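Here is coords18.txt, consisting of compact mmCIF, C-alpha atoms:
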```txt
# COMPACT_ATOMS: atom_id res chain seq x y z
CA MET A 1 -22.80 -12.97 53.76
CA LEU A 2 -23.37 -9.46 52.44
CA LYS A 3 -19.68 -9.24 51.56
CA ARG A 4 -19.97 -12.42 49.47
CA ILE A 5 -22.98 -11.09 47.57
CA ILE A 6 -21.18 -7.81 46.84
CA LEU A 7 -18.06 -9.71 45.78
CA LEU A 8 -20.10 -11.95 43.45
CA ALA A 9 -21.84 -8.91 41.98
CA ILE A 10 -18.49 -7.19 41.35
CA LEU A 11 -17.09 -10.34 39.75
CA ALA A 12 -20.18 -10.71 37.54
CA ILE A 13 -19.99 -7.17 36.08
CA PRO A 14 -17.23 -7.97 33.55
CA PHE A 15 -19.11 -11.04 32.38
CA ILE A 16 -22.31 -9.07 31.88
CA SER A 17 -20.48 -6.44 29.81
CA ILE A 18 -18.72 -9.13 27.76
CA ALA A 19 -22.05 -10.78 27.00
CA GLN A 20 -23.28 -7.49 25.50
CA THR A 21 -20.20 -7.04 23.35
CA LYS A 22 -20.90 -7.30 19.64
CA ILE A 23 -17.78 -7.53 17.44
CA GLY A 24 -17.73 -7.41 13.65
CA VAL A 25 -15.13 -7.95 10.96
CA TYR A 26 -15.07 -7.20 7.26
CA ASN A 27 -12.96 -8.42 4.37
CA GLU A 28 -11.31 -5.38 2.79
CA ASP A 29 -10.08 -7.26 -0.28
CA SER A 30 -13.52 -8.62 -1.05
CA ILE A 31 -15.03 -5.15 -0.78
CA TYR A 32 -12.31 -3.44 -2.84
CA ASN A 33 -12.55 -6.13 -5.53
CA SER A 34 -16.29 -5.47 -5.79
CA ILE A 35 -15.85 -1.76 -6.48
CA PRO A 36 -15.93 -1.01 -10.23
CA GLU A 37 -13.67 2.07 -9.95
CA ILE A 38 -10.80 -0.08 -8.68
CA SER A 39 -10.08 -1.52 -12.13
CA LYS A 40 -9.92 2.02 -13.58
CA ILE A 41 -7.52 3.07 -10.84
CA GLU A 42 -5.34 0.01 -11.44
CA THR A 43 -5.26 0.82 -15.17
CA GLN A 44 -4.21 4.42 -14.46
CA LEU A 45 -1.46 3.26 -12.13
CA GLN A 46 -0.22 0.66 -14.61
CA GLU A 47 -0.05 3.28 -17.37
CA LYS A 48 1.93 5.62 -15.16
CA SER A 49 4.18 2.76 -14.10
CA LYS A 50 4.83 1.89 -17.76
CA MET A 51 5.86 5.49 -18.46
CA TYR A 52 8.34 5.34 -15.61
CA ASP A 53 9.58 1.94 -16.78
CA ILE A 54 10.34 3.40 -20.23
CA GLU A 55 12.34 6.23 -18.67
CA ILE A 56 14.17 3.84 -16.36
CA LYS A 57 15.07 1.65 -19.33
CA LYS A 58 16.44 4.71 -21.17
CA LEU A 59 18.59 5.58 -18.17
CA GLN A 60 19.79 1.98 -17.93
CA GLU A 61 20.78 2.01 -21.60
CA GLU A 62 22.61 5.31 -21.19
CA LEU A 63 24.41 3.98 -18.14
CA GLN A 64 25.36 0.81 -20.00
CA LYS A 65 26.65 2.86 -22.95
CA LYS A 66 28.85 4.97 -20.65
CA TYR A 67 30.14 1.87 -18.94
CA THR A 68 30.97 0.24 -22.29
CA GLU A 69 32.86 3.39 -23.32
CA TYR A 70 34.77 3.31 -20.07
CA GLN A 71 35.66 -0.38 -20.52
CA ALA A 72 36.95 0.36 -24.01
CA SER A 73 39.11 3.19 -22.70
CA GLU A 74 40.47 0.93 -19.97
CA LYS A 75 41.64 -1.58 -22.57
CA ASP A 76 43.29 1.12 -24.66
CA PRO A 77 46.65 2.00 -23.07
CA SER A 78 46.81 5.26 -25.05
CA THR A 79 43.69 6.72 -23.34
CA PRO A 80 44.79 9.46 -20.93
CA VAL A 81 44.02 9.02 -17.23
CA SER A 82 41.97 12.24 -17.19
CA ILE A 83 39.55 10.83 -19.79
CA LYS A 84 39.21 7.61 -17.80
CA GLU A 85 38.53 9.59 -14.63
CA ARG A 86 35.96 11.77 -16.41
CA ARG A 87 34.16 8.66 -17.67
CA ILE A 88 34.14 7.14 -14.19
CA GLN A 89 32.71 10.39 -12.84
CA GLU A 90 30.04 10.43 -15.56
CA ILE A 91 29.08 6.86 -14.72
CA GLN A 92 28.84 7.66 -11.02
CA GLU A 93 26.73 10.77 -11.66
CA LEU A 94 24.44 8.93 -14.04
CA ASP A 95 24.09 6.05 -11.58
CA THR A 96 23.12 8.53 -8.85
CA LYS A 97 20.51 10.09 -11.14
CA TYR A 98 19.25 6.62 -12.03
CA GLN A 99 18.86 5.61 -8.37
CA GLN A 100 17.17 8.91 -7.49
CA PHE A 101 14.78 8.57 -10.41
CA ILE A 102 13.73 5.09 -9.27
CA VAL A 103 13.01 6.38 -5.76
CA THR A 104 11.07 9.34 -7.16
CA ALA A 105 9.05 7.12 -9.50
CA GLU A 106 8.12 4.70 -6.72
CA ARG A 107 7.14 7.57 -4.42
CA ASP A 108 5.06 9.22 -7.15
CA ILE A 109 3.17 6.01 -7.98
CA ARG A 110 2.56 5.29 -4.29
CA GLN A 111 1.31 8.85 -3.75
CA GLN A 112 -1.02 8.69 -6.73
CA GLN A 113 -2.33 5.32 -5.53
CA GLN A 114 -3.09 6.80 -2.11
CA GLU A 115 -4.80 9.82 -3.66
CA LEU A 116 -6.95 7.71 -5.96
CA LEU A 117 -7.91 5.18 -3.29
CA ALA A 118 -8.54 7.69 -0.48
CA PRO A 119 -12.16 8.54 -1.49
CA ILE A 120 -13.00 4.84 -1.86
CA HIS A 121 -11.40 4.04 1.48
CA ASP A 122 -13.34 6.87 3.11
CA LYS A 123 -16.62 5.51 1.67
CA ILE A 124 -15.87 2.06 3.07
CA ILE A 125 -14.99 3.43 6.51
CA GLN A 126 -18.15 5.55 6.55
CA ALA A 127 -20.25 2.51 5.58
CA VAL A 128 -18.62 0.46 8.36
CA LYS A 129 -19.29 3.23 10.91
CA THR A 130 -22.91 3.50 9.81
CA ILE A 131 -23.40 -0.27 10.05
CA GLY A 132 -21.74 -0.23 13.46
CA LYS A 133 -24.13 2.44 14.76
CA GLU A 134 -27.24 0.94 13.14
CA ASN A 135 -26.53 -2.57 14.44
CA LYS A 136 -25.08 -1.51 17.82
CA PHE A 137 -21.64 -3.09 17.35
CA THR A 138 -19.08 -2.55 20.10
CA ALA A 139 -16.21 -2.75 17.62
CA ILE A 140 -15.59 -3.57 13.98
CA PHE A 141 -12.18 -4.51 12.57
CA PRO A 142 -10.76 -5.34 9.17
CA GLU A 143 -10.44 -9.11 8.98
CA SER A 144 -6.77 -8.80 8.04
CA THR A 145 -5.88 -7.23 11.40
CA ALA A 146 -7.46 -9.96 13.51
CA THR A 147 -5.14 -12.54 14.99
CA TYR A 148 -8.06 -14.74 15.93
CA ILE A 149 -11.71 -14.63 14.93
CA GLY A 150 -14.11 -16.56 17.15
CA GLU A 151 -17.46 -18.00 16.22
CA ASP A 152 -19.34 -15.15 17.86
CA VAL A 153 -17.68 -12.49 15.67
CA ILE A 154 -19.98 -11.28 12.89
CA ASP A 155 -18.78 -10.90 9.31
CA ILE A 156 -20.29 -7.63 8.10
CA THR A 157 -18.75 -7.77 4.61
CA PRO A 158 -22.17 -8.40 2.97
CA LEU A 159 -23.66 -5.49 4.93
CA VAL A 160 -20.85 -3.16 3.79
CA LYS A 161 -21.30 -4.24 0.17
CA ALA A 162 -25.04 -3.66 0.44
CA LYS A 163 -24.50 -0.23 2.02
CA LEU A 164 -22.12 0.68 -0.84
CA GLU A 165 -24.63 -0.78 -3.34
CA LEU A 166 -22.15 -3.30 -4.74
CA ASN A 167 -23.69 -6.21 -6.59
CA LYS A 168 -20.82 -8.68 -6.23
```
Translate this structure into structure tokens?
Amino acid sequence: MLKRIILLAILAIPFISIAQTKIGVYNEDSIYNSIPEISKIETQLQEKSKMYDIEIKKLQEELQKKYTEYQASEKDPSTPVSIKERRIQEIQELDTKYQQFIVTAERDIRQQQQELLAPIHDKIIQAVKTIGKENKFTAIFPESTATYIGEDVIDITPLVKAKLELNK
């Protein structure tokens, strides 16, 4: 009889701890979209992206010009092979520069985006941690990472917005 009582007590422990679990989620997009600085950051990134687009277009035009010159020399039987080979080499070198520039531009924009959003992200995380401590949550997750959200999970998005003093 004593063994049964101990066994029941051991089996009940996980259920008692589950009953005390308090899980929260928050909608990152909703919070980010409520932050006024986000539109300024997006504008800065778009301006930088436009500058890169202009340079990429210039490189494309230069590449196209070299290719057109090469095609013309291919049609002309009097063009020496060495000139044709030099033009092919120029096209290959320019194409390599073009590809490298695209990679560099994408990396630079991504890096600037991370740098500009990092302070905002840190504020959101700090607000979530504070809400978690104040309201005795066991865990809080971004809504986007949850595979399933049950009825007993609490949406803390309004609390985060209030903590960040966002009016939306």
(request) Name the closest residue to A:Ile124 among the candidates A:Gln112, A:Gln99, A:Ser39, A:Ser34; distances are taken between atoms, counting only C-alpha atoms. (result) A:Ser34
(message) List as a list in words the protein and nucleic acid residues near A:Ser73, meaning an atom at most 10 Å away when all atoms listed in the file are counted, but skip any in the same chain fewer than 6 places from it.
(response) Tyr67, Thr79, Pro80, Val81, Ile83, Lys84 and Arg87 of chain A
Using only C-alpha atoms, please write the residues we just selected to a file, as a compact mmCIF listing (two decimals), keeping the file's coordinate frame.
```txt
# COMPACT_ATOMS: atom_id res chain seq x y z
CA TYR A 67 30.14 1.87 -18.94
CA THR A 79 43.69 6.72 -23.34
CA PRO A 80 44.79 9.46 -20.93
CA VAL A 81 44.02 9.02 -17.23
CA ILE A 83 39.55 10.83 -19.79
CA LYS A 84 39.21 7.61 -17.80
CA ARG A 87 34.16 8.66 -17.67
```
(request) Could you pull out every residue with an atom within 6 Å of (24.0, 3.5, -17.1), file coordinates, counting all atoms listed in the file, and send them as a PyMOL selection string? (result) chain A and resi 59-64
(request) Using only C-alpha atoms, pick whichever of A:Val103, A:Glu134, A:Glu165, A:Ile109 has the shortest atom-to-atom distance to A:Pro36. (result)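 Checking each of A:Val103, A:Glu134, A:Glu165, A:Ile109 against A:Pro36, counting only C-alpha atoms, the winner is A:Glu165.
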(request) Please identify all polymer residues within 8 Å of A:Ile156, counting all atoms listed in the file, omitting same-chain residues fewer than 5 positions from it, and present them as a PyMOL selection string. (result) chain A and resi 24-26
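Interatomic distance, atom CA of A:Lys161 to atom CA of A:Ser30: 9.0 Å.
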(request) Could you tell me how far atom CA of A:Leu166 lies from atom CA of A:Gln46, in Å and to one decimal? (result) 24.4 Å
(message) Please compute the atom CA of A:Ile88-atom CA of A:Lys58 distance, one decimal, in Å.
(response) 19.2 Å
(request) For A:Ile41, please output as a ChimeraX atom specification all residues within 8 Å (counting all atoms listed in the file; exclusion window: fewer than 5 positions along the same chain). (result) /A:113,116-117
(request) Using all atoms listed in the file, give me every residue within 12 Å of (-15.9, 4.6, 3.6) in file coordinates, as a PyMOL selection string. (result) chain A and resi 28+31-32+35+117-131+160-161+163-164
(request) Find the residue from A:Tyr52, A:Gly132, A:Glu42, A:Asn33 that sits nearest to A:Arg107; use all atoms listed in the file when measuring. (result) A:Tyr52
(request) Would you please work out which residue, of A:Glu47, A:Glu69, A:Asp29, A:Asp152, is nearest to A:Ile91 when using all atoms listed in the file? (result)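 Nearest to A:Ile91: A:Glu69.
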(request) Might you pull out every residue within 12 Å of A:Lys50, with all atoms listed in the file counted and same-chain residues fewer than 6 positions away left off, and present them as number ranges by chain? (result) A: 43-44, 56-57, 105-106, 109
Kindly provide, as lines of an AutoDock Vina configuration file, the centre and edge lengths (Å, one decimal) of an axis-aligned box around all atoms of stretch 76-92 of chain A given in the file, with 3 Å on each side.
```
center_x = 37.8
center_y = 6.7
center_z = -18.0
size_x = 24.0
size_y = 17.1
size_z = 20.0
```
(message) Taking 6 positions as the minimum chain separation for residues in the same chain, which residues sit within 12 Å of A:Thr21 when counting all atoms listed in the file? Answer as a ChimeraX atom specification.
(response) /A:14-15,135-140,152-154
Give me stretch 93-104 of chain A with all heavy atoms filled in, as an mmCIF file, keeping the file's coordinate frame.
```cif
data_model
loop_
_atom_site.group_PDB
_atom_site.id
_atom_site.type_symbol
_atom_site.label_atom_id
_atom_site.label_comp_id
_atom_site.auth_asym_id
_atom_site.auth_seq_id
_atom_site.Cartn_x
_atom_site.Cartn_y
_atom_site.Cartn_z
ATOM 1 N N GLU A 93 27.797 9.769 -11.659
ATOM 2 C CA GLU A 93 26.730 10.770 -11.660
ATOM 3 C C GLU A 93 25.451 10.210 -12.276
ATOM 4 O O GLU A 93 24.343 10.428 -11.760
ATOM 5 C CB GLU A 93 27.177 12.033 -12.401
ATOM 6 C CG GLU A 93 28.218 12.838 -11.672
ATOM 7 C CD GLU A 93 28.802 13.972 -12.506
ATOM 8 O OE1 GLU A 93 28.402 14.139 -13.691
ATOM 9 O OE2 GLU A 93 29.675 14.680 -11.985
ATOM 10 N N LEU A 94 25.602 9.512 -13.368
ATOM 11 C CA LEU A 94 24.440 8.930 -14.040
ATOM 12 C C LEU A 94 23.798 7.848 -13.160
ATOM 13 O O LEU A 94 22.563 7.762 -13.085
ATOM 14 C CB LEU A 94 24.854 8.343 -15.394
ATOM 15 C CG LEU A 94 23.733 7.945 -16.324
ATOM 16 C CD1 LEU A 94 22.802 9.117 -16.595
ATOM 17 C CD2 LEU A 94 24.306 7.438 -17.640
ATOM 18 N N ASP A 95 24.633 7.074 -12.477
ATOM 19 C CA ASP A 95 24.090 6.050 -11.580
ATOM 20 C C ASP A 95 23.321 6.702 -10.433
ATOM 21 O O ASP A 95 22.247 6.215 -10.041
ATOM 22 C CB ASP A 95 25.216 5.169 -11.019
ATOM 23 C CG ASP A 95 24.674 4.026 -10.189
ATOM 24 O OD1 ASP A 95 23.841 3.247 -10.700
ATOM 25 O OD2 ASP A 95 25.065 3.925 -9.004
ATOM 26 N N THR A 96 23.814 7.801 -9.912
ATOM 27 C CA THR A 96 23.120 8.530 -8.850
ATOM 28 C C THR A 96 21.770 9.041 -9.357
ATOM 29 O O THR A 96 20.745 8.896 -8.678
ATOM 30 C CB THR A 96 23.982 9.703 -8.341
ATOM 31 O OG1 THR A 96 25.208 9.184 -7.840
ATOM 32 C CG2 THR A 96 23.275 10.481 -7.255
ATOM 33 N N LYS A 97 21.764 9.615 -10.549
ATOM 34 C CA LYS A 97 20.510 10.090 -11.140
ATOM 35 C C LYS A 97 19.529 8.932 -11.342
ATOM 36 O O LYS A 97 18.329 9.063 -11.089
ATOM 37 C CB LYS A 97 20.765 10.776 -12.485
ATOM 38 C CG LYS A 97 21.426 12.123 -12.375
ATOM 39 C CD LYS A 97 21.679 12.701 -13.759
ATOM 40 C CE LYS A 97 22.451 13.999 -13.695
ATOM 41 N NZ LYS A 97 22.743 14.542 -15.030
ATOM 42 N N TYR A 98 20.061 7.819 -11.801
ATOM 43 C CA TYR A 98 19.250 6.620 -12.030
ATOM 44 C C TYR A 98 18.597 6.159 -10.730
ATOM 45 O O TYR A 98 17.392 5.913 -10.679
ATOM 46 C CB TYR A 98 20.154 5.525 -12.625
ATOM 47 C CG TYR A 98 19.536 4.161 -12.724
ATOM 48 C CD1 TYR A 98 18.580 3.880 -13.691
ATOM 49 C CD2 TYR A 98 19.924 3.133 -11.865
ATOM 50 C CE1 TYR A 98 18.021 2.615 -13.789
ATOM 51 C CE2 TYR A 98 19.368 1.874 -11.957
ATOM 52 C CZ TYR A 98 18.421 1.621 -12.918
ATOM 53 O OH TYR A 98 17.863 0.374 -13.019
ATOM 54 N N GLN A 99 19.380 6.046 -9.664
ATOM 55 C CA GLN A 99 18.860 5.610 -8.370
ATOM 56 C C GLN A 99 17.822 6.602 -7.832
ATOM 57 O O GLN A 99 16.777 6.198 -7.307
ATOM 58 C CB GLN A 99 20.004 5.449 -7.349
ATOM 59 C CG GLN A 99 21.023 4.386 -7.710
ATOM 60 C CD GLN A 99 20.445 2.989 -7.829
ATOM 61 O OE1 GLN A 99 19.483 2.647 -7.144
ATOM 62 N NE2 GLN A 99 20.999 2.191 -8.713
ATOM 63 N N GLN A 100 18.102 7.889 -7.959
ATOM 64 C CA GLN A 100 17.170 8.910 -7.490
ATOM 65 C C GLN A 100 15.861 8.867 -8.278
ATOM 66 O O GLN A 100 14.776 9.041 -7.723
ATOM 67 C CB GLN A 100 17.793 10.311 -7.587
ATOM 68 C CG GLN A 100 18.882 10.555 -6.581
ATOM 69 C CD GLN A 100 19.606 11.878 -6.812
ATOM 70 O OE1 GLN A 100 19.531 12.478 -7.882
ATOM 71 N NE2 GLN A 100 20.326 12.328 -5.794
ATOM 72 N N PHE A 101 15.976 8.633 -9.573
ATOM 73 C CA PHE A 101 14.780 8.570 -10.410
ATOM 74 C C PHE A 101 13.893 7.392 -10.002
ATOM 75 O O PHE A 101 12.672 7.513 -9.960
ATOM 76 C CB PHE A 101 15.155 8.477 -11.887
ATOM 77 C CG PHE A 101 13.958 8.534 -12.796
ATOM 78 C CD1 PHE A 101 13.310 9.729 -13.040
ATOM 79 C CD2 PHE A 101 13.473 7.383 -13.394
ATOM 80 C CE1 PHE A 101 12.197 9.782 -13.870
ATOM 81 C CE2 PHE A 101 12.363 7.424 -14.228
ATOM 82 C CZ PHE A 101 11.724 8.627 -14.466
ATOM 83 N N ILE A 102 14.496 6.259 -9.696
ATOM 84 C CA ILE A 102 13.730 5.090 -9.270
ATOM 85 C C ILE A 102 12.970 5.397 -7.981
ATOM 86 O O ILE A 102 11.776 5.096 -7.858
ATOM 87 C CB ILE A 102 14.649 3.856 -9.087
ATOM 88 C CG1 ILE A 102 15.125 3.364 -10.459
ATOM 89 C CG2 ILE A 102 13.931 2.734 -8.339
ATOM 90 C CD1 ILE A 102 16.150 2.250 -10.402
ATOM 91 N N VAL A 103 13.650 6.024 -7.032
ATOM 92 C CA VAL A 103 13.010 6.380 -5.760
ATOM 93 C C VAL A 103 11.853 7.354 -6.004
ATOM 94 O O VAL A 103 10.754 7.204 -5.455
ATOM 95 C CB VAL A 103 14.044 6.967 -4.774
ATOM 96 C CG1 VAL A 103 13.363 7.571 -3.555
ATOM 97 C CG2 VAL A 103 15.051 5.910 -4.365
ATOM 98 N N THR A 104 12.095 8.352 -6.842
ATOM 99 C CA THR A 104 11.070 9.340 -7.160
ATOM 100 C C THR A 104 9.869 8.692 -7.843
ATOM 101 O O THR A 104 8.715 8.994 -7.517
ATOM 102 C CB THR A 104 11.645 10.454 -8.054
ATOM 103 O OG1 THR A 104 12.743 11.070 -7.379
ATOM 104 C CG2 THR A 104 10.607 11.494 -8.400
#
```
